[in-house]
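File shown here: my_file_36.tsv, holding TSV, N, CA and C atoms.
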```tsv
chain	number	residue	atom	x	y	z
A	1485	MET	N	126.08	101.82	34.10
A	1485	MET	CA	126.50	101.04	35.24
A	1485	MET	C	128.02	101.06	35.37
A	1486	LYS	N	128.71	100.93	34.22
A	1486	LYS	CA	130.17	100.89	34.27
A	1486	LYS	C	130.75	102.22	34.76
A	1487	LYS	N	130.14	103.33	34.33
A	1487	LYS	CA	130.61	104.64	34.75
A	1487	LYS	C	130.41	104.82	36.25
A	1488	ARG	N	129.31	104.36	36.77
A	1488	ARG	CA	129.03	104.47	38.20
A	1488	ARG	C	130.02	103.63	39.00
A	1489	LEU	N	130.34	102.44	38.54
A	1489	LEU	CA	131.31	101.57	39.22
A	1489	LEU	C	132.69	102.22	39.21
A	1490	GLN	N	133.08	102.80	38.10
A	1490	GLN	CA	134.36	103.48	38.00
A	1490	GLN	C	134.40	104.68	38.95
A	1491	SER	N	133.32	105.39	39.05
A	1491	SER	CA	133.22	106.55	39.93
A	1491	SER	C	133.40	106.14	41.39
A	1492	SER	N	132.82	105.02	41.79
A	1492	SER	CA	132.96	104.59	43.18
A	1492	SER	C	134.39	104.15	43.48
A	1493	TRP	N	135.08	103.58	42.52
A	1493	TRP	CA	136.48	103.19	42.73
A	1493	TRP	C	137.36	104.42	42.88
A	1494	ILE	N	137.06	105.48	42.17
A	1494	ILE	CA	137.83	106.72	42.30
A	1494	ILE	C	137.64	107.29	43.71
A	1495	GLY	N	136.42	107.27	44.20
A	1495	GLY	CA	136.14	107.75	45.55
A	1495	GLY	C	136.85	106.94	46.61
A	1496	ILE	N	136.85	105.63	46.44
A	1496	ILE	CA	137.54	104.74	47.38
A	1496	ILE	C	139.05	105.00	47.34
A	1497	GLY	N	139.58	105.22	46.15
A	1497	GLY	CA	141.01	105.50	46.01
A	1497	GLY	C	141.40	106.81	46.67
A	1498	ILE	N	140.59	107.83	46.50
A	1498	ILE	CA	140.88	109.12	47.13
A	1498	ILE	C	140.80	109.00	48.65
A	1499	ALA	N	139.80	108.28	49.16
A	1499	ALA	CA	139.68	108.07	50.60
A	1499	ALA	C	140.89	107.31	51.15
A	1500	ALA	N	141.33	106.29	50.43
A	1500	ALA	CA	142.50	105.52	50.88
A	1500	ALA	C	143.75	106.39	50.87
A	1501	LEU	N	143.89	107.24	49.87
A	1501	LEU	CA	145.03	108.15	49.82
A	1501	LEU	C	145.01	109.11	51.01
A	1502	GLY	N	143.85	109.63	51.34
A	1502	GLY	CA	143.72	110.53	52.48
A	1502	GLY	C	144.07	109.84	53.80
A	1503	ILE	N	143.61	108.62	53.97
A	1503	ILE	CA	143.92	107.86	55.18
A	1503	ILE	C	145.42	107.58	55.26
A	1504	GLY	N	146.02	107.26	54.12
A	1504	GLY	CA	147.46	107.02	54.09
A	1504	GLY	C	148.25	108.26	54.46
A	1505	MET	N	147.82	109.41	53.96
A	1505	MET	CA	148.51	110.66	54.29
A	1505	MET	C	148.34	111.00	55.77
A	1506	MET	N	147.16	110.73	56.33
A	1506	MET	CA	146.96	110.96	57.76
A	1506	MET	C	147.87	110.06	58.59
A	1507	ALA	N	147.98	108.80	58.20
A	1507	ALA	CA	148.85	107.86	58.93
A	1507	ALA	C	150.31	108.30	58.84
A	1508	PHE	N	150.73	108.80	57.69
A	1508	PHE	CA	152.10	109.27	57.53
A	1508	PHE	C	152.37	110.46	58.44
A	1509	GLY	N	151.43	111.40	58.51
A	1509	GLY	CA	151.58	112.57	59.38
A	1509	GLY	C	151.63	112.18	60.85
A	1510	ILE	N	150.77	111.24	61.25
A	1510	ILE	CA	150.76	110.79	62.64
A	1510	ILE	C	152.06	110.10	62.98
A	1511	SER	N	152.59	109.31	62.06
A	1511	SER	CA	153.85	108.59	62.33
A	1511	SER	C	155.02	109.55	62.46
A	1512	ARG	N	154.93	110.74	61.85
A	1512	ARG	CA	155.98	111.75	61.96
A	1512	ARG	C	155.82	112.63	63.18
A	1513	GLY	N	154.75	112.46	63.94
A	1513	GLY	CA	154.51	113.24	65.14
A	1513	GLY	C	153.92	114.60	64.88
A	1514	GLU	N	153.23	114.77	63.78
A	1514	GLU	CA	152.66	116.07	63.43
A	1514	GLU	C	151.30	116.31	64.08
A	1515	MET	N	150.74	115.30	64.69
A	1515	MET	CA	149.41	115.45	65.26
A	1515	MET	C	149.40	116.49	66.39
A	1516	GLY	N	150.41	116.51	67.22
A	1516	GLY	CA	150.48	117.47	68.31
A	1516	GLY	C	150.59	118.90	67.82
A	1517	VAL	N	151.36	119.11	66.77
A	1517	VAL	CA	151.55	120.45	66.20
A	1517	VAL	C	150.23	120.95	65.61
A	1518	VAL	N	149.56	120.10	64.88
A	1518	VAL	CA	148.29	120.48	64.25
A	1518	VAL	C	147.24	120.77	65.33
A	1519	MET	N	147.21	119.95	66.37
A	1519	MET	CA	146.24	120.16	67.44
A	1519	MET	C	146.50	121.47	68.17
A	1520	THR	N	147.76	121.79	68.43
A	1520	THR	CA	148.11	123.05	69.09
A	1520	THR	C	147.68	124.24	68.24
A	1521	LYS	N	147.93	124.18	66.95
A	1521	LYS	CA	147.52	125.28	66.06
A	1521	LYS	C	146.00	125.42	66.04
A	1522	ALA	N	145.29	124.32	65.99
A	1522	ALA	CA	143.83	124.36	65.97
A	1522	ALA	C	143.28	124.97	67.26
A	1523	ILE	N	143.86	124.60	68.38
A	1523	ILE	CA	143.41	125.15	69.66
A	1523	ILE	C	143.67	126.65	69.71
A	1524	ASN	N	144.83	127.08	69.25
A	1524	ASN	CA	145.15	128.51	69.24
A	1524	ASN	C	144.19	129.30	68.35
A	1525	ILE	N	143.84	128.75	67.21
A	1525	ILE	CA	142.88	129.42	66.31
A	1525	ILE	C	141.52	129.52	66.98
A	1526	CYS	N	141.08	128.47	67.65
A	1526	CYS	CA	139.79	128.51	68.34
A	1526	CYS	C	139.80	129.54	69.45
A	1527	LEU	N	140.89	129.60	70.20
A	1527	LEU	CA	140.97	130.57	71.29
A	1527	LEU	C	140.98	132.00	70.76
A	1528	GLU	N	141.63	132.24	69.62
A	1528	GLU	CA	141.62	133.56	69.00
A	1528	GLU	C	140.21	133.95	68.58
A	1529	CYS	N	139.45	132.99	68.08
A	1529	CYS	CA	138.09	133.29	67.60
A	1529	CYS	C	137.17	133.71	68.75
A	1530	ILE	N	137.32	133.11	69.91
A	1530	ILE	CA	136.44	133.46	71.02
A	1530	ILE	C	137.04	134.56	71.88
A	1531	GLY	N	138.27	134.99	71.57
A	1531	GLY	CA	138.84	136.17	72.21
A	1531	GLY	C	139.58	135.92	73.51
A	1532	ILE	N	139.92	134.68	73.81
A	1532	ILE	CA	140.65	134.39	75.05
A	1532	ILE	C	142.14	134.56	74.83
A	1533	GLY	N	142.64	134.13	73.66
A	1533	GLY	CA	144.07	134.15	73.39
A	1533	GLY	C	144.46	135.46	72.90
```
What's the C-alpha cells form of this structure?
Amino acid sequence: MKKRLQSSWIGIGIAALGIGMMAFGISRGEMGVVMTKAINICLECIGIG
C-alpha cells in the first residue's frame, strides 16, 4: 500500500511539473511559435506546404 501511495505522489508531482512548464512557456509567448511550427509540419505531411 505504501509503495502504491508513493507511486501516485510521483505521478502527481510529474504532472504538476509539466503544467508549470507549460504555464512558463505560455507566459513567455512561446505558444504562437509552437503552434506555427505544428501547422507547418501538418501542411508538409499532407503536401500543401
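Atom C of A:Phe1508 lies 19.3 Å from atom C of A:Ala1522.
Between A:Met1506 and the candidates A:Val1518, A:Ile1525, A:Trp1493, A:Ile1530, the tightest atom-to-atom separation, counting only C-alpha atoms, involves A:Val1518.
Between atom C of A:Asn1524 and atom CA of A:Gly1504 there is a distance of 26.7 Å.
Atom to atom, atom N of A:Ser1492 and atom C of A:Met1505 stand 21.7 Å apart.
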Using the atoms already present, construct all heavy atoms for stretch 1510-1521 of chain A and hand them back as a short mmCIF file (atom, residue, chain, number, x, y, z; two decimals), keeping the file's coordinate frame.
```
data_model
loop_
_atom_site.label_atom_id
_atom_site.label_comp_id
_atom_site.auth_asym_id
_atom_site.auth_seq_id
_atom_site.Cartn_x
_atom_site.Cartn_y
_atom_site.Cartn_z
N ILE A 1510 150.77 111.24 61.25
CA ILE A 1510 150.76 110.79 62.64
C ILE A 1510 152.06 110.10 62.98
O ILE A 1510 152.63 110.30 64.06
CB ILE A 1510 149.55 109.87 62.89
CG1 ILE A 1510 148.26 110.69 62.84
CG2 ILE A 1510 149.67 109.14 64.22
CD1 ILE A 1510 147.00 109.86 62.83
N SER A 1511 152.59 109.31 62.06
CA SER A 1511 153.85 108.59 62.33
C SER A 1511 155.02 109.55 62.46
O SER A 1511 156.01 109.24 63.13
CB SER A 1511 154.13 107.57 61.23
OG SER A 1511 154.49 108.22 60.01
N ARG A 1512 154.93 110.74 61.85
CA ARG A 1512 155.98 111.75 61.96
C ARG A 1512 155.82 112.63 63.18
O ARG A 1512 156.65 113.49 63.44
CB ARG A 1512 156.00 112.63 60.71
CG ARG A 1512 156.46 111.89 59.47
CD ARG A 1512 156.60 112.82 58.32
NE ARG A 1512 157.45 113.96 58.67
CZ ARG A 1512 157.56 115.07 57.94
NH1 ARG A 1512 156.88 115.17 56.83
NH2 ARG A 1512 158.33 116.05 58.32
N GLY A 1513 154.75 112.46 63.94
CA GLY A 1513 154.51 113.24 65.14
C GLY A 1513 153.92 114.60 64.88
O GLY A 1513 154.08 115.52 65.69
N GLU A 1514 153.23 114.77 63.78
CA GLU A 1514 152.66 116.07 63.43
C GLU A 1514 151.30 116.31 64.08
O GLU A 1514 150.80 117.43 64.04
CB GLU A 1514 152.53 116.18 61.91
CG GLU A 1514 153.86 116.17 61.20
CD GLU A 1514 153.72 116.21 59.69
OE1 GLU A 1514 152.60 116.36 59.19
OE2 GLU A 1514 154.75 116.08 59.02
N MET A 1515 150.74 115.30 64.69
CA MET A 1515 149.41 115.45 65.26
C MET A 1515 149.40 116.49 66.39
O MET A 1515 148.48 117.30 66.48
CB MET A 1515 148.89 114.11 65.78
CG MET A 1515 147.43 114.14 66.14
SD MET A 1515 146.73 112.51 66.43
CE MET A 1515 147.56 112.02 67.91
N GLY A 1516 150.41 116.51 67.22
CA GLY A 1516 150.48 117.47 68.31
C GLY A 1516 150.59 118.90 67.82
O GLY A 1516 149.96 119.81 68.36
N VAL A 1517 151.36 119.11 66.77
CA VAL A 1517 151.55 120.45 66.20
C VAL A 1517 150.23 120.95 65.61
O VAL A 1517 149.82 122.10 65.85
CB VAL A 1517 152.65 120.44 65.12
CG1 VAL A 1517 152.74 121.78 64.42
CG2 VAL A 1517 153.98 120.04 65.72
N VAL A 1518 149.56 120.10 64.88
CA VAL A 1518 148.29 120.48 64.25
C VAL A 1518 147.24 120.77 65.33
O VAL A 1518 146.49 121.75 65.23
CB VAL A 1518 147.80 119.38 63.28
CG1 VAL A 1518 146.39 119.66 62.80
CG2 VAL A 1518 148.75 119.24 62.12
N MET A 1519 147.21 119.95 66.37
CA MET A 1519 146.24 120.16 67.44
C MET A 1519 146.50 121.47 68.17
O MET A 1519 145.57 122.21 68.48
CB MET A 1519 146.28 118.99 68.42
CG MET A 1519 145.11 118.98 69.35
SD MET A 1519 143.57 118.78 68.44
CE MET A 1519 143.14 117.17 68.92
N THR A 1520 147.76 121.79 68.43
CA THR A 1520 148.11 123.05 69.09
C THR A 1520 147.68 124.24 68.24
O THR A 1520 147.12 125.21 68.76
CB THR A 1520 149.63 123.11 69.35
OG1 THR A 1520 150.00 121.99 70.16
CG2 THR A 1520 150.02 124.39 70.05
N LYS A 1521 147.93 124.18 66.95
CA LYS A 1521 147.52 125.28 66.06
C LYS A 1521 146.00 125.42 66.04
O LYS A 1521 145.48 126.53 66.06
CB LYS A 1521 148.05 125.06 64.64
CG LYS A 1521 149.54 125.28 64.54
CD LYS A 1521 150.01 125.10 63.11
CE LYS A 1521 151.50 125.34 63.00
NZ LYS A 1521 151.97 125.27 61.62
#
```
